[in-house]
$ cat final.cif   # mmCIF, C-alpha atoms and all ligand atoms
data_protein
#
loop_
_atom_site.label_atom_id
_atom_site.label_comp_id
_atom_site.auth_asym_id
_atom_site.auth_seq_id
_atom_site.Cartn_x
_atom_site.Cartn_y
_atom_site.Cartn_z
CA MET A 731 0.41 8.40 26.34
CA HIS A 732 -2.01 6.71 23.97
CA ILE A 733 -2.80 8.70 20.85
CA ILE A 734 -5.36 7.94 18.15
CA ILE A 735 -4.46 9.15 14.67
CA THR A 736 -7.16 9.14 12.03
CA GLY A 737 -5.59 8.99 8.59
CA GLY A 738 -2.48 7.63 10.30
CA ALA A 739 -1.35 5.66 7.25
CA GLY A 740 -1.36 8.69 4.97
CA PHE A 741 1.43 11.07 4.01
CA ILE A 742 1.30 13.28 7.11
CA GLY A 743 -0.22 10.68 9.45
CA SER A 744 2.53 8.14 8.88
CA HIS A 745 5.23 10.68 9.78
CA LEU A 746 3.28 11.58 12.91
CA THR A 747 2.89 7.89 13.84
CA GLU A 748 6.63 7.40 13.44
CA MET A 749 7.50 10.41 15.61
CA LEU A 750 5.06 9.53 18.41
CA LEU A 751 6.34 5.93 18.52
CA ASP A 752 9.94 7.22 18.62
CA GLN A 753 8.96 9.37 21.60
CA GLY A 754 7.68 6.28 23.43
CA HIS A 755 3.94 6.81 23.02
CA SER A 756 1.35 4.22 21.98
CA VAL A 757 -0.46 4.87 18.73
CA THR A 758 -3.73 3.58 17.32
CA VAL A 759 -4.08 4.29 13.61
CA ILE A 760 -7.56 4.48 12.12
CA ASP A 761 -7.41 4.54 8.34
CA ASN A 762 -9.67 3.26 5.56
CA PHE A 763 -6.63 2.89 3.27
CA SER A 764 -8.33 4.79 0.46
CA THR A 765 -5.14 6.78 -0.04
CA GLY A 766 -3.10 5.67 2.99
CA LYS A 767 -0.79 2.69 2.65
CA ARG A 768 0.35 0.01 5.09
CA SER A 769 3.82 0.35 3.64
CA ASN A 770 3.93 3.93 4.99
CA LEU A 771 3.77 2.57 8.54
CA PRO A 772 6.59 1.09 10.64
CA GLY A 773 6.83 -2.70 10.17
CA SER A 774 6.32 -3.95 13.69
CA SER A 775 5.93 -2.23 17.01
CA ASN A 776 4.24 -3.41 20.20
CA HIS A 777 3.03 0.14 20.62
CA LEU A 778 1.26 0.43 17.27
CA THR A 779 -2.27 -0.82 16.55
CA VAL A 780 -3.77 -0.38 13.10
CA HIS A 781 -7.49 -0.59 12.34
CA GLU A 782 -8.79 -0.56 8.80
CA LEU A 783 -11.83 1.58 9.48
CA ASP A 784 -13.68 4.44 7.87
CA ILE A 785 -14.35 7.41 10.17
CA CYS A 786 -17.92 7.36 8.81
CA ASN A 787 -18.35 3.99 10.59
CA PHE A 788 -19.18 5.57 13.93
CA GLU A 789 -19.84 2.34 15.91
CA GLY A 790 -16.68 0.75 14.56
CA VAL A 791 -14.55 3.71 15.52
CA LEU A 792 -16.21 3.94 18.94
CA ASN A 793 -15.35 0.29 19.61
CA HIS A 794 -11.64 0.77 18.97
CA THR A 795 -10.89 4.04 20.72
CA LYS A 796 -11.49 3.48 24.44
CA GLY A 797 -8.86 4.62 26.90
CA ALA A 798 -6.96 7.03 24.64
CA ASP A 799 -5.54 10.33 25.86
CA ALA A 800 -5.72 12.29 22.60
CA ILE A 801 -7.07 12.20 19.06
CA VAL A 802 -5.20 13.75 16.15
CA HIS A 803 -7.80 13.97 13.42
CA LEU A 804 -6.13 14.00 9.99
CA ALA A 805 -8.40 11.68 7.97
CA ALA A 806 -10.05 13.54 5.11
CA ILE A 807 -10.51 13.63 1.38
CA ALA A 808 -7.44 15.81 0.90
CA SER A 809 -7.97 16.59 -2.74
CA VAL A 810 -9.63 19.98 -3.24
CA GLN A 811 -10.51 18.97 -6.79
CA ALA A 812 -12.27 15.79 -5.56
CA SER A 813 -14.43 17.95 -3.28
CA VAL A 814 -15.49 20.05 -6.26
CA GLU A 815 -16.43 16.94 -8.25
CA ALA A 816 -18.09 15.04 -5.38
CA PRO A 817 -19.30 17.43 -2.67
CA ARG A 818 -21.65 14.94 -0.97
CA GLU A 819 -19.02 12.23 -0.54
CA THR A 820 -16.46 14.80 0.61
CA HIS A 821 -18.88 16.33 3.10
CA ALA A 822 -19.68 12.91 4.62
CA ILE A 823 -16.01 12.36 5.38
CA ASN A 824 -14.66 15.87 5.90
CA LEU A 825 -17.44 17.30 8.06
CA ASP A 826 -19.58 14.40 9.34
CA GLY A 827 -16.37 12.43 9.95
CA THR A 828 -15.08 15.25 12.17
CA ILE A 829 -18.32 15.28 14.16
CA ASN A 830 -18.00 11.50 14.60
CA MET A 831 -14.50 11.91 16.02
CA LEU A 832 -15.64 14.72 18.34
CA GLU A 833 -18.44 12.47 19.60
CA VAL A 834 -15.92 9.67 20.15
CA ALA A 835 -13.82 12.07 22.24
CA ARG A 836 -16.86 13.13 24.28
CA ILE A 837 -18.23 9.61 24.87
CA HIS A 838 -14.84 8.09 25.83
CA ASP A 839 -13.75 11.16 27.76
CA ILE A 840 -10.64 11.61 25.61
CA SER A 841 -9.25 14.92 26.83
CA THR A 842 -7.33 16.31 23.84
CA PHE A 843 -8.32 16.88 20.20
CA VAL A 844 -5.95 18.13 17.51
CA PHE A 845 -7.37 18.95 14.09
CA ALA A 846 -5.86 19.44 10.63
CA SER A 847 -7.61 22.42 9.07
CA SER A 848 -6.32 24.22 6.01
CA ALA A 849 -5.17 27.58 4.66
CA ALA A 850 -7.87 26.94 2.01
CA ILE A 851 -10.35 28.58 4.40
CA TYR A 852 -8.72 31.96 3.54
CA GLY A 853 -9.69 31.51 -0.12
CA ASN A 854 -8.08 33.96 -2.50
CA ASN A 855 -7.28 36.61 0.12
CA GLN A 856 -4.10 38.37 -0.99
CA GLN A 857 -3.57 40.48 2.16
CA LEU A 858 -0.44 38.64 3.16
CA PRO A 859 0.75 37.34 5.52
CA LEU A 860 -2.56 35.76 6.48
CA LYS A 861 -3.49 36.16 10.14
CA GLU A 862 -5.82 33.74 11.88
CA ASP A 863 -8.43 36.47 12.46
CA THR A 864 -8.67 37.21 8.71
CA PRO A 865 -12.33 36.70 7.76
CA PRO A 866 -12.66 33.27 6.17
CA ALA A 867 -13.59 33.08 2.49
CA PRO A 868 -13.85 29.38 1.58
CA LEU A 869 -14.15 28.84 -2.17
CA THR A 870 -14.60 25.08 -2.43
CA PRO A 871 -16.53 22.31 -0.65
CA TYR A 872 -13.20 21.19 0.83
CA ALA A 873 -12.63 24.60 2.42
CA VAL A 874 -16.26 24.90 3.56
CA ASP A 875 -16.07 21.55 5.36
CA LYS A 876 -12.75 22.43 7.01
CA LEU A 877 -14.25 25.69 8.23
CA GLY A 878 -17.44 23.93 9.41
CA SER A 879 -15.26 21.43 11.29
CA GLU A 880 -13.46 24.33 12.98
CA TYR A 881 -16.79 25.67 14.24
CA TYR A 882 -17.84 22.24 15.58
CA ILE A 883 -14.50 21.91 17.36
CA ASP A 884 -15.02 25.30 18.94
CA PHE A 885 -18.46 24.14 20.12
CA TYR A 886 -17.06 20.95 21.74
CA CYS A 887 -14.31 23.00 23.37
CA ARG A 888 -16.81 25.41 24.96
CA GLN A 889 -19.59 22.95 25.72
CA PHE A 890 -17.67 19.87 26.87
CA LYS A 891 -14.32 21.40 27.86
CA LEU A 892 -12.53 19.31 25.24
CA LYS A 893 -8.93 20.57 24.97
CA THR A 894 -8.66 21.47 21.31
CA THR A 895 -6.03 22.78 18.92
CA THR A 896 -6.90 23.54 15.31
CA PHE A 897 -4.01 23.95 12.89
CA ARG A 898 -4.45 25.57 9.49
CA PHE A 899 -1.89 23.74 7.36
CA PHE A 900 -0.19 25.68 4.59
CA ASN A 901 1.53 23.74 1.75
CA VAL A 902 3.00 20.60 3.32
CA TYR A 903 5.66 18.60 1.45
CA GLY A 904 8.04 15.74 2.12
CA PRO A 905 8.77 12.06 1.57
CA ARG A 906 5.77 9.77 0.87
CA GLN A 907 3.63 12.52 -0.67
CA ASP A 908 1.86 10.95 -3.64
CA PRO A 909 2.72 12.59 -7.00
CA SER A 910 0.26 10.53 -9.05
CA SER A 911 -2.59 13.02 -9.56
CA PRO A 912 -2.32 16.26 -11.55
CA TYR A 913 -3.65 17.93 -8.39
CA SER A 914 -0.96 16.46 -6.13
CA GLY A 915 1.25 18.93 -4.28
CA VAL A 916 3.56 20.64 -6.76
CA ILE A 917 6.74 19.55 -4.95
CA SER A 918 5.82 15.86 -5.15
CA ILE A 919 5.18 16.31 -8.90
CA LEU A 920 8.42 18.23 -9.47
CA MET A 921 10.53 15.66 -7.63
CA ASP A 922 8.88 12.83 -9.49
CA ARG A 923 9.58 14.53 -12.84
CA ALA A 924 13.21 15.18 -11.89
CA GLN A 925 13.75 11.63 -10.64
CA ASN A 926 12.21 10.10 -13.76
CA LYS A 927 13.56 12.73 -16.18
CA ARG A 928 10.07 13.56 -17.45
CA PRO A 929 8.71 16.96 -18.59
CA PHE A 930 7.23 19.40 -16.11
CA THR A 931 4.45 21.91 -16.83
CA VAL A 932 4.38 25.29 -15.10
CA PHE A 933 0.85 26.68 -14.90
CA GLY A 934 1.26 30.46 -15.21
CA ASP A 935 4.51 32.40 -15.19
CA GLY A 936 6.11 30.47 -12.31
CA LEU A 937 6.20 33.57 -10.13
CA GLN A 938 3.32 32.35 -7.96
CA SER A 939 4.48 31.61 -4.45
CA ARG A 940 3.48 29.35 -1.56
CA ASP A 941 4.46 28.91 2.07
CA PHE A 942 5.93 25.39 2.06
CA ILE A 943 6.41 23.53 5.33
CA PHE A 944 8.39 20.30 5.63
CA VAL A 945 6.32 17.40 6.93
CA LYS A 946 8.71 16.51 9.78
CA ASP A 947 8.63 20.09 11.12
CA LEU A 948 4.85 20.03 10.92
CA VAL A 949 4.41 16.72 12.76
CA GLU A 950 6.76 17.88 15.52
CA ILE A 951 4.20 20.58 16.30
CA LEU A 952 1.31 18.08 16.11
CA CYS A 953 3.18 15.83 18.59
CA LYS A 954 3.55 18.72 21.02
CA ALA A 955 -0.11 19.66 20.72
CA ALA A 956 -1.21 16.06 21.32
CA THR A 957 1.12 15.16 24.18
CA GLN A 958 1.93 18.35 26.05
CA GLN A 959 -0.32 20.71 27.93
CA ALA A 960 -0.91 23.10 25.03
CA PRO A 961 -3.30 25.96 25.81
CA SER A 962 -6.76 24.92 24.61
CA GLY A 963 -9.13 26.47 22.11
CA ASN A 964 -6.60 27.91 19.68
CA THR A 965 -6.69 28.11 15.90
CA ILE A 966 -3.14 28.37 14.61
CA ASN A 967 -1.56 28.88 11.19
CA LEU A 968 0.96 26.11 10.56
CA GLY A 969 3.36 27.54 8.01
CA ASN A 970 6.86 28.95 7.97
CA GLY A 971 5.95 32.50 6.93
CA ILE A 972 8.36 32.22 3.99
CA GLN A 973 7.25 32.56 0.36
CA THR A 974 8.94 30.46 -2.31
CA THR A 975 8.10 30.88 -5.98
CA LEU A 976 7.65 27.99 -8.36
CA LEU A 977 10.67 29.16 -10.39
CA GLU A 978 12.81 29.12 -7.23
CA LEU A 979 11.63 25.57 -6.53
CA LEU A 980 12.42 24.54 -10.06
CA SER A 981 15.96 25.87 -9.91
CA THR A 982 16.60 24.18 -6.51
CA VAL A 983 15.33 20.85 -7.85
CA GLU A 984 17.50 21.23 -10.96
CA SER A 985 20.67 21.81 -8.95
CA LEU A 986 19.81 18.96 -6.59
CA SER A 987 19.20 16.50 -9.40
CA ASN A 988 21.92 17.91 -11.62
CA HIS A 989 19.42 17.73 -14.44
CA LYS A 990 17.77 20.49 -16.48
CA LEU A 991 14.06 19.77 -16.50
CA ASP A 992 12.18 19.84 -19.78
CA THR A 993 9.81 22.66 -18.75
CA SER A 994 6.86 24.15 -20.60
CA PHE A 995 4.55 27.00 -19.58
CA GLU A 996 0.75 26.85 -19.83
CA GLU A 997 -2.12 29.11 -18.79
CA PRO A 998 -2.66 29.41 -15.02
CA ARG A 999 -5.14 26.90 -13.63
CA PRO A 1000 -8.65 28.31 -13.19
CA GLY A 1001 -9.02 29.54 -9.61
CA ASP A 1002 -5.28 29.35 -8.96
CA ILE A 1003 -4.16 31.84 -6.32
CA LYS A 1004 -1.06 33.95 -6.94
CA HIS A 1005 0.53 34.07 -3.49
CA SER A 1006 -0.02 32.47 -0.11
CA CYS A 1007 1.85 32.99 3.14
CA ALA A 1008 1.13 32.47 6.83
CA ASP A 1009 1.52 34.94 9.61
CA ASN A 1010 2.86 32.40 12.10
CA THR A 1011 3.25 34.71 15.12
CA ARG A 1012 0.77 32.63 17.12
CA LEU A 1013 2.60 29.40 16.30
CA ARG A 1014 5.92 30.91 17.35
CA GLN A 1015 4.44 32.20 20.61
CA LEU A 1016 2.49 29.12 21.67
CA PHE A 1017 4.91 26.42 20.49
CA SER A 1018 8.27 28.28 20.52
CA TYR A 1019 8.45 27.44 16.83
CA THR A 1020 11.19 28.55 14.51
CA PRO A 1021 11.32 27.21 10.94
CA LYS A 1022 13.81 24.34 10.84
CA THR A 1023 14.09 22.72 7.46
CA ASN A 1024 14.61 25.09 4.55
CA ILE A 1025 13.41 24.18 1.07
CA ALA A 1026 16.81 22.97 -0.16
CA GLU A 1027 17.21 20.65 2.85
CA GLY A 1028 13.64 19.40 2.58
CA LEU A 1029 14.00 18.64 -1.13
CA LYS A 1030 17.27 16.83 -0.43
CA GLN A 1031 15.52 14.63 2.14
CA ILE A 1032 12.90 13.68 -0.46
CA TRP A 1033 15.65 13.02 -3.02
CA ASP A 1034 17.51 10.72 -0.61
CA TYR A 1035 14.39 8.95 0.65
CA GLU A 1036 14.28 5.24 -0.10
C1 LIG B 1101 -4.00 23.83 -3.27
C2 LIG B 1101 -4.59 22.51 -3.68
C3 LIG B 1101 -5.44 22.70 -4.92
C4 LIG B 1101 -6.50 23.78 -4.67
C5 LIG B 1101 -5.85 25.08 -4.17
C6 LIG B 1101 -6.90 26.08 -3.70
C7 LIG B 1101 -3.08 20.74 -2.98
C8 LIG B 1101 -2.02 19.78 -3.39
N1 LIG B 1101 -3.54 21.56 -3.96
O1 LIG B 1101 -3.24 24.25 -4.34
O2 LIG B 1101 -6.05 21.47 -5.29
O3 LIG B 1101 -7.24 24.06 -5.85
O4 LIG B 1101 -5.01 24.81 -3.02
O5 LIG B 1101 -6.29 27.27 -3.35
O6 LIG B 1101 -3.51 20.76 -1.86
N2 LIG B 1101 1.58 23.79 -10.39
C9 LIG B 1101 2.27 23.76 -11.59
N3 LIG B 1101 2.50 22.55 -12.17
C10 LIG B 1101 2.06 21.36 -11.62
C11 LIG B 1101 1.37 21.42 -10.40
C12 LIG B 1101 1.13 22.65 -9.81
O7 LIG B 1101 2.64 24.80 -12.13
O8 LIG B 1101 2.30 20.29 -12.20
C13 LIG B 1101 1.35 25.10 -9.76
C14 LIG B 1101 -0.11 25.35 -9.42
O9 LIG B 1101 -0.83 25.82 -10.52
C15 LIG B 1101 0.05 26.37 -8.30
C16 LIG B 1101 1.36 25.96 -7.61
O10 LIG B 1101 2.05 25.13 -8.54
O11 LIG B 1101 0.18 27.66 -8.81
C17 LIG B 1101 1.16 25.18 -6.33
O12 LIG B 1101 0.23 24.13 -6.60
P1 LIG B 1101 -0.26 23.07 -5.48
O13 LIG B 1101 0.89 22.35 -4.93
O14 LIG B 1101 -1.39 22.29 -6.07
O15 LIG B 1101 -0.77 23.99 -4.28
P2 LIG B 1101 -1.95 25.09 -4.25
O16 LIG B 1101 -1.97 25.93 -5.46
O17 LIG B 1101 -1.77 25.82 -2.97
#
$ encode --input "final.cif" --output "structure tokens"
Amino acid sequence: MHIIITGGAGFIGSHLTEMLLDQGHSVTVIDNFSTGKRSNLPGSSNHLTVHELDICNFEGVLNHTKGADAIVHLAAIASVQASVEAPRETHAINLDGTINMLEVARIHDISTFVFASSAAIYGNNQQLPLKEDTPPAPLTPYAVDKLGSEYYIDFYCRQFKLKTTTFRFFNVYGPRQDPSSPYSGVISILMDRAQNKRPFTVFGDGLQSRDFIFVKDLVEILCKAATQQAPSGNTINLGNGIQTTLLELLSTVESLSNHKLDTSFEEPRPGDIKHSCADNTRLRQLFSYTPKTNIAEGLKQIWDYE
């Protein structure tokens, strides 16, 4: 099959590209390289085409997407903090960009559309585990645009019979996640501090917990949704349903690196949520999913990654 991946040179997109190529599919990556990197992508493959293109460039994207079987739409401003600071720019990419890709699918008659939504749409709801039918409570422009995108996808599914799957990603981690911003995923920051023997700051008491999912487990599900006859029109939590606290993470990283991190504690970040966890019953039912990589194995894979 021929799959288009927007944001294909990013952290998650590059793992997805790799897996689809390994499975014998053809991949077209559309990426503006704002945060994605060419070095994330496999060196040479006859089955990989890469276009440096912004998803806001509708004509450009339309010209390079004919004849595909599926779109996996990952391109977005992924930083929640950036959306708070620049809501207009974020909206143009995170919502208008989604509409562009839906129009591309409609015009070129691309049958399947897989979308990366986010657990951020649940806001600070602490009735865990979070079920998909929990009323949304988006707290940031990032979450609002993800939720708006979900509604547009639902419209294209009903109106144009586009086969859609919307995944609400929980906290994704793994090799190639960028640790450079203070708002980067906490695991990428922790691993960076352990590898470089630099101090680590815990915001709060360290007892906050998240549902971490390893990137390779996540892209395996995206592959299935893009290439197999998944039932259409579903919104699905993509998490393991397992809560890990920050202190547990810290101790696993310390044993892995055989190094006691220089740790200090500061006030919790404003707006920080205490706990997050997916109810992944729907994921298990529709994709026969069982969590594969536990935290210790996932951290080890990051540690060993060249
Ligand atoms: C995610 C977003 C965040 C957003 C929040 C909204 C990412 C990477 N982060 O945060 O921008 O505001 O959803 O709910 O998508 N932590 C530390 N030290 C650090 C870094 C983080 O203690 O150096 C803590 C955080 O305060 C948090 C936990 O680790 O309590 C996890 O942080 P993070 O990886 O950013 O994930 P979310 O909190 O889910």
$ residues_around --input "final.cif" --residues "Val802 in chain A" --least-positions-apart "6" --cutoff "9 Å" --atoms "all atoms listed in the file" --output "list in words"
Ile733, Ile734, Ile735, Thr736, Gly737, Gly738, Gly743, Thr842, Phe843, Val844, Phe845, Ala846, Leu952, Cys953 and Ala956 of chain A
$ write_last_selection --input "final.cif" --atoms "C-alpha atoms" --output "PDB file, in the coordinates of the input"
ATOM      1  CA  ILE A 733      -2.800   8.700  20.850  1.00  0.00           C
ATOM      2  CA  ILE A 734      -5.360   7.940  18.150  1.00  0.00           C
ATOM      3  CA  ILE A 735      -4.460   9.150  14.670  1.00  0.00           C
ATOM      4  CA  THR A 736      -7.160   9.140  12.030  1.00  0.00           C
ATOM      5  CA  GLY A 737      -5.590   8.990   8.590  1.00  0.00           C
ATOM      6  CA  GLY A 738      -2.480   7.630  10.300  1.00  0.00           C
ATOM      7  CA  GLY A 743      -0.220  10.680   9.450  1.00  0.00           C
ATOM      8  CA  THR A 842      -7.330  16.310  23.840  1.00  0.00           C
ATOM      9  CA  PHE A 843      -8.320  16.880  20.200  1.00  0.00           C
ATOM     10  CA  VAL A 844      -5.950  18.130  17.510  1.00  0.00           C
ATOM     11  CA  PHE A 845      -7.370  18.950  14.090  1.00  0.00           C
ATOM     12  CA  ALA A 846      -5.860  19.440  10.630  1.00  0.00           C
ATOM     13  CA  LEU A 952       1.310  18.080  16.110  1.00  0.00           C
ATOM     14  CA  CYS A 953       3.180  15.830  18.590  1.00  0.00           C
ATOM     15  CA  ALA A 956      -1.210  16.060  21.320  1.00  0.00           C
TER      16      ALA A 956
END
$ residues_near_ligand --input "final.cif" --ligand "ligand LIG 1101 (chain B)" --cutoff "6 Å" --atoms "all atoms listed in the file" --output "PDB file with C-alpha atoms, in the coordinates of the input"
ATOM      1  CA  SER A 809      -7.970  16.590  -2.740  1.00  0.00           C
ATOM      2  CA  VAL A 810      -9.630  19.980  -3.240  1.00  0.00           C
ATOM      3  CA  GLN A 811     -10.510  18.970  -6.790  1.00  0.00           C
ATOM      4  CA  ALA A 850      -7.870  26.940   2.010  1.00  0.00           C
ATOM      5  CA  TYR A 913      -3.650  17.930  -8.390  1.00  0.00           C
ATOM      6  CA  SER A 914      -0.960  16.460  -6.130  1.00  0.00           C
ATOM      7  CA  GLY A 915       1.250  18.930  -4.280  1.00  0.00           C
ATOM      8  CA  VAL A 916       3.560  20.640  -6.760  1.00  0.00           C
ATOM      9  CA  ILE A 919       5.180  16.310  -8.900  1.00  0.00           C
ATOM     10  CA  THR A 931       4.450  21.910 -16.830  1.00  0.00           C
ATOM     11  CA  VAL A 932       4.380  25.290 -15.100  1.00  0.00           C
ATOM     12  CA  PHE A 933       0.850  26.680 -14.900  1.00  0.00           C
ATOM     13  CA  GLN A 938       3.320  32.350  -7.960  1.00  0.00           C
ATOM     14  CA  ARG A 999      -5.140  26.900 -13.630  1.00  0.00           C
ATOM     15  CA  ASP A1002      -5.280  29.350  -8.960  1.00  0.00           C
ATOM     16  CA  ILE A1003      -4.160  31.840  -6.320  1.00  0.00           C
TER      17      ILE A1003
END
$ closest_residue --input "final.cif" --among "A:Ser774, A:Thr895, A:Thr1020, A:Ser847" --to "Ile943 in chain A" --atoms "all atoms listed in the file"
A:Thr1020
$ closest_atom_pairs --input "final.cif" --of "range 855-896 of chain A" --to "range 815-834 of chain A" --cutoff "12 Å" --atoms "all atoms listed in the file" --output "Markdown table"
| residue | atom | partner | partner_atom | distance |
| --- | --- | --- | --- | --- |
| A:Thr870 | CA | A:Pro817 | CA | 9.0 |
| A:Pro871 | CA | A:Pro817 | CA | 6.0 |
| A:Tyr872 | CA | A:Thr820 | CA | 7.2 |
| A:Ala873 | CA | A:Asn824 | CA | 9.6 |
| A:Val874 | CA | A:Leu825 | CA | 8.9 |
| A:Asp875 | CA | A:Leu825 | CA | 5.2 |
| A:Lys876 | CA | A:Asn824 | CA | 6.9 |
| A:Leu877 | CA | A:Leu825 | CA | 9.0 |
| A:Gly878 | CA | A:Leu825 | CA | 6.8 |
| A:Ser879 | CA | A:Leu825 | CA | 5.7 |
| A:Glu880 | CA | A:Thr828 | CA | 9.3 |
| A:Tyr881 | CA | A:Leu825 | CA | 10.4 |
| A:Tyr882 | CA | A:Ile829 | CA | 7.1 |
| A:Ile883 | CA | A:Leu832 | CA | 7.3 |
| A:Asp884 | CA | A:Leu832 | CA | 10.6 |
| A:Phe885 | CA | A:Leu832 | CA | 10.0 |
| A:Tyr886 | CA | A:Leu832 | CA | 7.2 |
| A:Cys887 | CA | A:Leu832 | CA | 9.8 |
| A:Gln889 | CA | A:Leu832 | CA | 11.7 |
| A:Phe890 | CA | A:Leu832 | CA | 10.2 |
| A:Lys891 | CA | A:Leu832 | CA | 11.7 |
| A:Leu892 | CA | A:Leu832 | CA | 8.9 |
| A:Lys893 | CA | A:Leu832 | CA | 11.1 |
| A:Thr894 | CA | A:Leu832 | CA | 10.2 |
$ closest_residue --input "final.cif" --among "A:Gln856, A:Asn762, A:Thr957, A:Thr982" --to "Ala1026 in chain A" --atoms "all atoms listed in the file"
A:Thr982
$ closest_residue --input "final.cif" --among "A:Asp784, A:Asp863, A:Asp839, A:Glu1027" --to "Asp799 in chain A" --atoms "only C-alpha atoms"
A:Asp839
$ closest_residue --input "final.cif" --among "A:Leu1016, A:Ile966, A:Val791, A:Leu948" --to "Asp761 in chain A" --atoms "all atoms listed in the file"
A:Val791
$ atom_distance --input "final.cif" --atom1 "CA of Asn1010 in chain A" --atom2 "CA of Thr975 in chain A"
18.9 Å
$ residues_near_point --input "final.cif" --point "(8.6, 26.9, 10.1)" --cutoff "8 Å" --atoms "all atoms listed in the file" --output "list in words"
Ile943, Phe944, Asp947, Leu948, Leu968, Gly969, Asn970, Gly971, Tyr1019, Thr1020, Pro1021, Lys1022 and Thr1023 of chain A
$ residues_around --input "final.cif" --residues "Leu778 in chain A" --least-positions-apart "2" --cutoff "8 Å" --atoms "only C-alpha atoms" --output "JSON list (two decimals) with C-alpha atoms, keeping the file's coordinate frame"
[["chain", "number", "residue", "atom", "x", "y", "z"],
["A", 751, "LEU", "CA", 6.34, 5.93, 18.52],
["A", 756, "SER", "CA", 1.35, 4.22, 21.98],
["A", 757, "VAL", "CA", -0.46, 4.87, 18.73],
["A", 758, "THR", "CA", -3.73, 3.58, 17.32],
["A", 759, "VAL", "CA", -4.08, 4.29, 13.61],
["A", 774, "SER", "CA", 6.32, -3.95, 13.69],
["A", 775, "SER", "CA", 5.93, -2.23, 17.01],
["A", 776, "ASN", "CA", 4.24, -3.41, 20.20],
["A", 780, "VAL", "CA", -3.77, -0.38, 13.10]]
$ atom_distance --input "final.cif" --atom1 "CA of Ser1006 in chain A" --atom2 "CA of Ser910 in chain A"
23.7 Å
$ axis_aligned_box --input "final.cif" --around "range 768-771 of chain A" --padding-each-side "6 Å" --output "JSON"
{"center_x": 2.1, "center_y": 2.0, "center_z": 6.1, "size_x": 15.6, "size_y": 15.9, "size_z": 16.9}
$ atom_distance --input "final.cif" --atom1 "CA of His755 in chain A" --atom2 "CA of Thr779 in chain A"
11.8 Å
$ closest_residue --input "final.cif" --among "A:Lys796, A:His803, A:His989, A:Arg888" --to "Ser962 in chain A" --atoms "only C-alpha atoms"
A:Arg888
$ closest_residue --input "final.cif" --among "A:Ser848, A:Ser744, A:Asn770, A:Asn926" --to "Val902 in chain A" --atoms "all atoms listed in the file"
A:Ser848
